[in-house]
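Notes follow the structure.
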Protein chains: 2
Amino acid sequence: MTSSRLPNHISQQFDNELEDIRSKVLAMGGLIEQHLAKVLAYFSKGEVEGVEYVSVSDYLVNALEVEIDNDCTDILARRQPAAGDLRLVLAVSKTITDLERMGDEAEKIARLILHEDDILVTGSYYHGAAALGKHVASMVRSALDSFARMDSEAAFKVAFEDRAIDTETAAIMRQLMTYMMEDPRTISPCLDTILAVRALERIGDHANNIAENVIYLVEGKNVRHVSLEQVQAEIGSSESSGN
Amino acid sequence: MTSSRLPNHISQQFDNELEDIRSKVLAMGGLIEQHLAKVLAYFSKGEVEGVEYVSVSDYLVNALEVEIDNDCTDILARRQPAAGDLRLVLAVSKTITDLERMGDEAEKIARLILHEDDILVTGSYYHGAAALGKHVASMVRSALDSFARMDSEAAFKVAFEDRAIDTETAAIMRQLMTYMMEDPRTISPCLDTILAVRALERIGDHANNIAENVIYLVEGKNVRHVSLEQVQAEIGSSESSGN
């Protein structure tokens with residue numbers, strides 16, 4: 001199902017190269033999902049082993065980014081792809097930048113957790129971060145799925161979800177601020193949590209960027225700085241007029 | 001001096017196109033510097049007019065990014081550049097992503113300032129943010145200069161400066177936390193300032209990314225995930241063995 005959506009080339013070898021890059025991007029995405037799950041296990045279950053692992057393992061993500069980036073440059077230089085293939089390679093090149101930065105944010109969260117003085121902090125304190133994290137992880141999964149299936153419909157859903165994340169973040173921030181005002185001894189751990197929540201929000205932003213790249217790739221439309229409703233309406237009307 | 005560093009092509013038209021993209025990137029960089037200066041004028045002089053302007057003007061940055069991005073795709077498709085030219089176009093494509101995100105961060109700072117309840121906040125409170133802002137602005141300027149002159153030496157300096165920024169940010173965070181603990185009424189404005197300081201730090205990170213792109217472009221070395229000392233040593237030794 002998946003490979004049928006990729007363009008077919010006279011050169012089987014070129015097809016293989018593109019498919020190879022695509023799998024590597026998905027492998028990189030899988031690694032990010034693992035790292036994210038490990039830091040989130042702290043918020044929901046208090047597990048700290050995974051957090052320690054993530055705090056020192058971002059180099060794995062970075063190594064994959066450099067490898068895929070070199071593959072892209074290599075394909076551009078040797079194959080000089082046109083139209084859809086060119087868009088694919090450029091979208092991959094942008095996607096891996098976003099994945100790499102998601103990895104940085106996961107690492108930051110891990111370090112914030114390890115830095116934390118959690119003696120004063122109770123379990124209920126993390127409810128907000130755990131719920132947001134679950135939401136962001138599902139958004140990352142959807143963004144990667146939309147990339148794997150080159151499914152612009154799914155990508156649109158991710159972009160809409162990003163707005164819900166922003167509202168959720170604002171609510172958590174208000175709650176944590178209340179804790180800080182009630183008990184100044186919680187200021188330091190609350191601040192670490194606020195920075196972790198912000199990092200989760202940015203992971204959501206990067207998932208959104210990936211989804212926008214998929215829309216650009218499939219629909220040939222740059223949706224980064226226009227309203228989603230506008231783009232959906234345009235695509236809808238051009239499709240119905242084409243029928 | 002500048003244009004002499006760009007590759008010469010048989011096609012004068014192609015040279016013009018590359019020069020055109022390069023000027024647009026510098027124009028975009030200039031716009032970011034303006035926006036940054038306007039938000040920083042709040043921290044140093046309490047000026048709020050510029051902040052209001054920046055909070056609604058990020059679309060100008062976004063428009064330039066889309067335009068330059070389209071130019072890059074167009075050049076890749078039509079000219080199918082090789083070697084140095086290909087690296088230039090790819091470096092531009094990455095550089096404008098960083099510039100666009102710097103613009104986002106400047107907009108966020110503007111919104112945080114406008115959101116602030118500053119009745120309880122005295123001037124001395126912003127000293128740290130003002131000093132950090134000055135430092136980050138000079139780093140942005142250096143990164144853009146290194147891009148304009150394709151000067152990898154200057155780019156290395158930017159990358160080293162990024163470390164100083166991280167230390168400075170940590171110190172400001174500690175200071176603001178002390179304020180919050182002493183007077184819980186300052187929690188809300190302190191938190192806004194902390195988020196603004198973090199946004200400044202990220203602008204520094206993006207300046208660093210731009211500098212790394214210049215190093216990649218000039219030296220052909222990807223320095224993103226290795227130690228700077230290592231790369232400098234390698235370049236130094238290969239240059240002296242070449243003499």
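We name chains A, B, ... following the order of the structure tokens; residues begin at 1 in each chain, and ligands are numbered from 1 as shown.
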Select, as a PDB file with N, CA and C atoms, in the first residue's frame, those residues of chain A with any atom no more than 10 Å from chain B (distances computed using only C-alpha atoms).
```pdb
ATOM      1  N   TYR A  59      22.530  11.362  20.989  1.00  0.00           N
ATOM      2  CA  TYR A  59      23.501  11.213  19.901  1.00  0.00           C
ATOM      3  C   TYR A  59      23.023  10.211  18.846  1.00  0.00           C
ATOM      4  N   ASN A  62      20.884  12.174  16.540  1.00  0.00           N
ATOM      5  CA  ASN A  62      21.737  13.061  15.747  1.00  0.00           C
ATOM      6  C   ASN A  62      22.469  12.315  14.639  1.00  0.00           C
ATOM      7  N   ALA A  63      22.950  11.110  14.973  1.00  0.00           N
ATOM      8  CA  ALA A  63      23.690  10.332  13.983  1.00  0.00           C
ATOM      9  C   ALA A  63      22.792   9.988  12.800  1.00  0.00           C
ATOM     10  N   GLU A  65      20.181  11.699  11.820  1.00  0.00           N
ATOM     11  CA  GLU A  65      19.916  12.915  11.053  1.00  0.00           C
ATOM     12  C   GLU A  65      21.049  13.200  10.069  1.00  0.00           C
ATOM     13  N   VAL A  66      22.288  13.118  10.561  1.00  0.00           N
ATOM     14  CA  VAL A  66      23.435  13.395   9.690  1.00  0.00           C
ATOM     15  C   VAL A  66      23.453  12.409   8.520  1.00  0.00           C
ATOM     16  N   ASN A  70      22.964  13.474   4.611  1.00  0.00           N
ATOM     17  CA  ASN A  70      23.967  13.169   3.585  1.00  0.00           C
ATOM     18  C   ASN A  70      23.338  12.410   2.421  1.00  0.00           C
ATOM     19  N   THR A  73      21.511  14.961   0.208  1.00  0.00           N
ATOM     20  CA  THR A  73      22.438  15.764  -0.601  1.00  0.00           C
ATOM     21  C   THR A  73      22.989  14.918  -1.740  1.00  0.00           C
ATOM     22  N   ASP A  74      23.304  13.679  -1.411  1.00  0.00           N
ATOM     23  CA  ASP A  74      23.847  12.763  -2.393  1.00  0.00           C
ATOM     24  C   ASP A  74      22.860  12.516  -3.541  1.00  0.00           C
ATOM     25  N   LEU A  76      20.336  14.463  -4.428  1.00  0.00           N
ATOM     26  CA  LEU A  76      20.172  15.709  -5.198  1.00  0.00           C
ATOM     27  C   LEU A  76      21.322  15.881  -6.183  1.00  0.00           C
ATOM     28  N   ALA A  77      22.529  15.547  -5.750  1.00  0.00           N
ATOM     29  CA  ALA A  77      23.698  15.746  -6.605  1.00  0.00           C
ATOM     30  C   ALA A  77      23.744  14.726  -7.736  1.00  0.00           C
ATOM     31  N   ARG A  78      23.452  13.452  -7.426  1.00  0.00           N
ATOM     32  CA  ARG A  78      23.602  12.400  -8.437  1.00  0.00           C
ATOM     33  C   ARG A  78      22.396  12.266  -9.334  1.00  0.00           C
ATOM     34  N   ARG A  79      21.185  12.361  -8.740  1.00  0.00           N
ATOM     35  CA  ARG A  79      19.965  12.056  -9.493  1.00  0.00           C
ATOM     36  C   ARG A  79      19.312  13.298 -10.063  1.00  0.00           C
ATOM     37  N   GLN A  80      19.642  14.459  -9.520  1.00  0.00           N
ATOM     38  CA  GLN A  80      19.004  15.692  -9.948  1.00  0.00           C
ATOM     39  C   GLN A  80      17.507  15.509 -10.169  1.00  0.00           C
ATOM     40  N   PRO A  81      16.811  15.120  -9.108  1.00  0.00           N
ATOM     41  CA  PRO A  81      15.391  14.794  -9.236  1.00  0.00           C
ATOM     42  C   PRO A  81      14.559  16.022  -9.620  1.00  0.00           C
ATOM     43  N   ALA A  82      13.454  15.754 -10.279  1.00  0.00           N
ATOM     44  CA  ALA A  82      12.555  16.842 -10.687  1.00  0.00           C
ATOM     45  C   ALA A  82      11.223  16.678  -9.961  1.00  0.00           C
ATOM     46  N   ALA A  83      10.407  17.711 -10.043  1.00  0.00           N
ATOM     47  CA  ALA A  83       9.019  17.716  -9.554  1.00  0.00           C
ATOM     48  C   ALA A  83       8.800  16.973  -8.240  1.00  0.00           C
ATOM     49  N   LEU A  86      11.823  15.723  -6.253  1.00  0.00           N
ATOM     50  CA  LEU A  86      12.538  16.843  -5.640  1.00  0.00           C
ATOM     51  C   LEU A  86      11.803  17.275  -4.373  1.00  0.00           C
ATOM     52  N   ARG A  87      10.478  17.387  -4.482  1.00  0.00           N
ATOM     53  CA  ARG A  87       9.687  17.780  -3.313  1.00  0.00           C
ATOM     54  C   ARG A  87       9.850  16.770  -2.186  1.00  0.00           C
ATOM     55  N   LEU A  90      13.256  17.256  -0.520  1.00  0.00           N
ATOM     56  CA  LEU A  90      13.265  18.482   0.281  1.00  0.00           C
ATOM     57  C   LEU A  90      12.404  18.326   1.532  1.00  0.00           C
ATOM     58  N   SER A  93      14.314  16.364   4.001  1.00  0.00           N
ATOM     59  CA  SER A  93      15.376  17.170   4.587  1.00  0.00           C
ATOM     60  C   SER A  93      14.822  18.075   5.694  1.00  0.00           C
ATOM     61  N   LYS A  94      13.613  18.614   5.505  1.00  0.00           N
ATOM     62  CA  LYS A  94      13.004  19.450   6.546  1.00  0.00           C
ATOM     63  C   LYS A  94      12.474  18.582   7.704  1.00  0.00           C
ATOM     64  N   THR A  97      15.084  17.617  10.222  1.00  0.00           N
ATOM     65  CA  THR A  97      15.450  18.731  11.102  1.00  0.00           C
ATOM     66  C   THR A  97      14.460  18.804  12.261  1.00  0.00           C
ATOM     67  N   MET A 173      -0.124  25.610  32.757  1.00  0.00           N
ATOM     68  CA  MET A 173       0.713  26.708  33.268  1.00  0.00           C
ATOM     69  C   MET A 173      -0.001  27.442  34.403  1.00  0.00           C
ATOM     70  N   ARG A 174      -1.288  27.710  34.197  1.00  0.00           N
ATOM     71  CA  ARG A 174      -2.045  28.416  35.233  1.00  0.00           C
ATOM     72  C   ARG A 174      -2.086  27.593  36.521  1.00  0.00           C
ATOM     73  N   MET A 177       1.197  27.621  38.334  1.00  0.00           N
ATOM     74  CA  MET A 177       1.416  28.922  38.953  1.00  0.00           C
ATOM     75  C   MET A 177       0.668  29.022  40.279  1.00  0.00           C
ATOM     76  N   THR A 178      -0.516  28.427  40.327  1.00  0.00           N
ATOM     77  CA  THR A 178      -1.279  28.424  41.580  1.00  0.00           C
ATOM     78  C   THR A 178      -0.512  27.679  42.666  1.00  0.00           C
ATOM     79  N   MET A 180       2.670  27.314  42.915  1.00  0.00           N
ATOM     80  CA  MET A 180       3.821  28.121  43.324  1.00  0.00           C
ATOM     81  C   MET A 180       3.415  29.218  44.293  1.00  0.00           C
ATOM     82  N   MET A 181       2.248  29.807  44.046  1.00  0.00           N
ATOM     83  CA  MET A 181       1.813  30.909  44.897  1.00  0.00           C
ATOM     84  C   MET A 181       1.373  30.398  46.265  1.00  0.00           C
ATOM     85  N   GLU A 182       0.780  29.196  46.274  1.00  0.00           N
ATOM     86  CA  GLU A 182       0.319  28.634  47.539  1.00  0.00           C
ATOM     87  C   GLU A 182       1.478  28.194  48.424  1.00  0.00           C
ATOM     88  N   ASP A 183       2.509  27.629  47.794  1.00  0.00           N
ATOM     89  CA  ASP A 183       3.637  27.135  48.564  1.00  0.00           C
ATOM     90  C   ASP A 183       4.953  27.430  47.836  1.00  0.00           C
ATOM     91  N   PRO A 184       5.620  28.528  48.243  1.00  0.00           N
ATOM     92  CA  PRO A 184       6.846  28.951  47.555  1.00  0.00           C
ATOM     93  C   PRO A 184       7.933  27.875  47.524  1.00  0.00           C
ATOM     94  N   ARG A 185       7.829  26.875  48.413  1.00  0.00           N
ATOM     95  CA  ARG A 185       8.846  25.815  48.372  1.00  0.00           C
ATOM     96  C   ARG A 185       8.737  24.980  47.107  1.00  0.00           C
ATOM     97  N   THR A 186       7.569  25.050  46.436  1.00  0.00           N
ATOM     98  CA  THR A 186       7.412  24.277  45.199  1.00  0.00           C
ATOM     99  C   THR A 186       7.889  25.052  43.974  1.00  0.00           C
ATOM    100  N   ILE A 187       8.385  26.283  44.179  1.00  0.00           N
ATOM    101  CA  ILE A 187       8.746  27.112  43.017  1.00  0.00           C
ATOM    102  C   ILE A 187       9.754  26.416  42.106  1.00  0.00           C
ATOM    103  N   SER A 188      10.811  25.893  42.712  1.00  0.00           N
ATOM    104  CA  SER A 188      11.848  25.283  41.875  1.00  0.00           C
ATOM    105  C   SER A 188      11.342  24.066  41.074  1.00  0.00           C
ATOM    106  N   LEU A 191       8.887  25.149  38.380  1.00  0.00           N
ATOM    107  CA  LEU A 191       9.537  25.810  37.258  1.00  0.00           C
ATOM    108  C   LEU A 191      10.100  24.770  36.294  1.00  0.00           C
ATOM    109  N   ILE A 194       7.230  23.421  34.407  1.00  0.00           N
ATOM    110  CA  ILE A 194       6.761  24.377  33.401  1.00  0.00           C
ATOM    111  C   ILE A 194       7.658  24.322  32.161  1.00  0.00           C
ATOM    112  N   LEU A 195       8.967  24.267  32.393  1.00  0.00           N
ATOM    113  CA  LEU A 195       9.883  24.211  31.245  1.00  0.00           C
ATOM    114  C   LEU A 195       9.710  22.886  30.490  1.00  0.00           C
ATOM    115  N   ARG A 198       6.567  23.190  28.419  1.00  0.00           N
ATOM    116  CA  ARG A 198       6.856  23.993  27.235  1.00  0.00           C
ATOM    117  C   ARG A 198       7.598  23.176  26.184  1.00  0.00           C
ATOM    118  N   ASN A 222       1.897  25.020   0.094  1.00  0.00           N
ATOM    119  CA  ASN A 222       2.610  25.422   1.287  1.00  0.00           C
ATOM    120  C   ASN A 222       1.603  25.985   2.287  1.00  0.00           C
ATOM    121  N   VAL A 223       1.359  25.241   3.378  1.00  0.00           N
ATOM    122  CA  VAL A 223       0.313  25.666   4.323  1.00  0.00           C
ATOM    123  C   VAL A 223       0.895  26.274   5.584  1.00  0.00           C
ATOM    124  N   ARG A 224       2.219  26.529   5.544  1.00  0.00           N
ATOM    125  CA  ARG A 224       2.829  26.880   6.808  1.00  0.00           C
ATOM    126  C   ARG A 224       2.328  28.185   7.412  1.00  0.00           C
ATOM    127  N   HIS A 225       2.056  29.158   6.568  1.00  0.00           N
ATOM    128  CA  HIS A 225       1.696  30.451   7.162  1.00  0.00           C
ATOM    129  C   HIS A 225       0.324  30.945   6.729  1.00  0.00           C
ATOM    130  N   VAL A 226      -0.569  30.025   6.338  1.00  0.00           N
ATOM    131  CA  VAL A 226      -1.936  30.437   6.028  1.00  0.00           C
ATOM    132  C   VAL A 226      -2.890  29.628   6.903  1.00  0.00           C
TER     133      VAL A 226
END
```
- Spatial neighbours of Ala137 of chain B, max dist 10 Å, only C-alpha atoms, sep filter under 6 positions, as a PyMOL selection string: chain B and resi 32-34+36-37+40+131+143+200+203-204+207
- Task: Could you jot down the atom CA of Arg101 of chain A to atom CA of Ser23 of chain B separation for me, Å, one decimal place?
- Result: 27.7 Å
- Pairwise distance for atom CA of Leu144 of chain B and atom CA of Glu19 of chain B, rounded to one decimal in Å: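 Distance between the two atoms: 15.3 Å.
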Could you pull the residues within 8 Å of Ile68 of chain B, counting only C-alpha atoms, minus those fewer than 3 positions along the same chain, as a JSON list (two decimals) with C-alpha atoms, in the first residue's frame?
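Dumped everything to out_37.json:
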```json
[["chain", "number", "residue", "atom", "x", "y", "z"],
["B", 21, "ILE", "CA", 18.72, 34.55, -3.05],
["B", 24, "LYS", "CA", 17.03, 38.06, 0.20],
["B", 25, "VAL", "CA", 18.41, 35.95, 3.05],
["B", 64, "LEU", "CA", 10.05, 36.24, 3.03],
["B", 65, "GLU", "CA", 10.69, 32.66, 4.11],
["B", 71, "ASP", "CA", 13.28, 30.35, -5.07],
["B", 72, "CYS", "CA", 15.44, 27.51, -3.73],
["B", 93, "SER", "CA", 17.08, 26.50, 2.75],
["B", 96, "ILE", "CA", 15.76, 30.58, 6.41]]
```
- Message: Please identify the alpha helix (DSSP H) residues within segment 101-208 of chain B (assignment by DSSP from backbone atoms) and present them as a PyMOL selection string.
- Response: chain B and resi 101-115+127-149+152-182+187-208
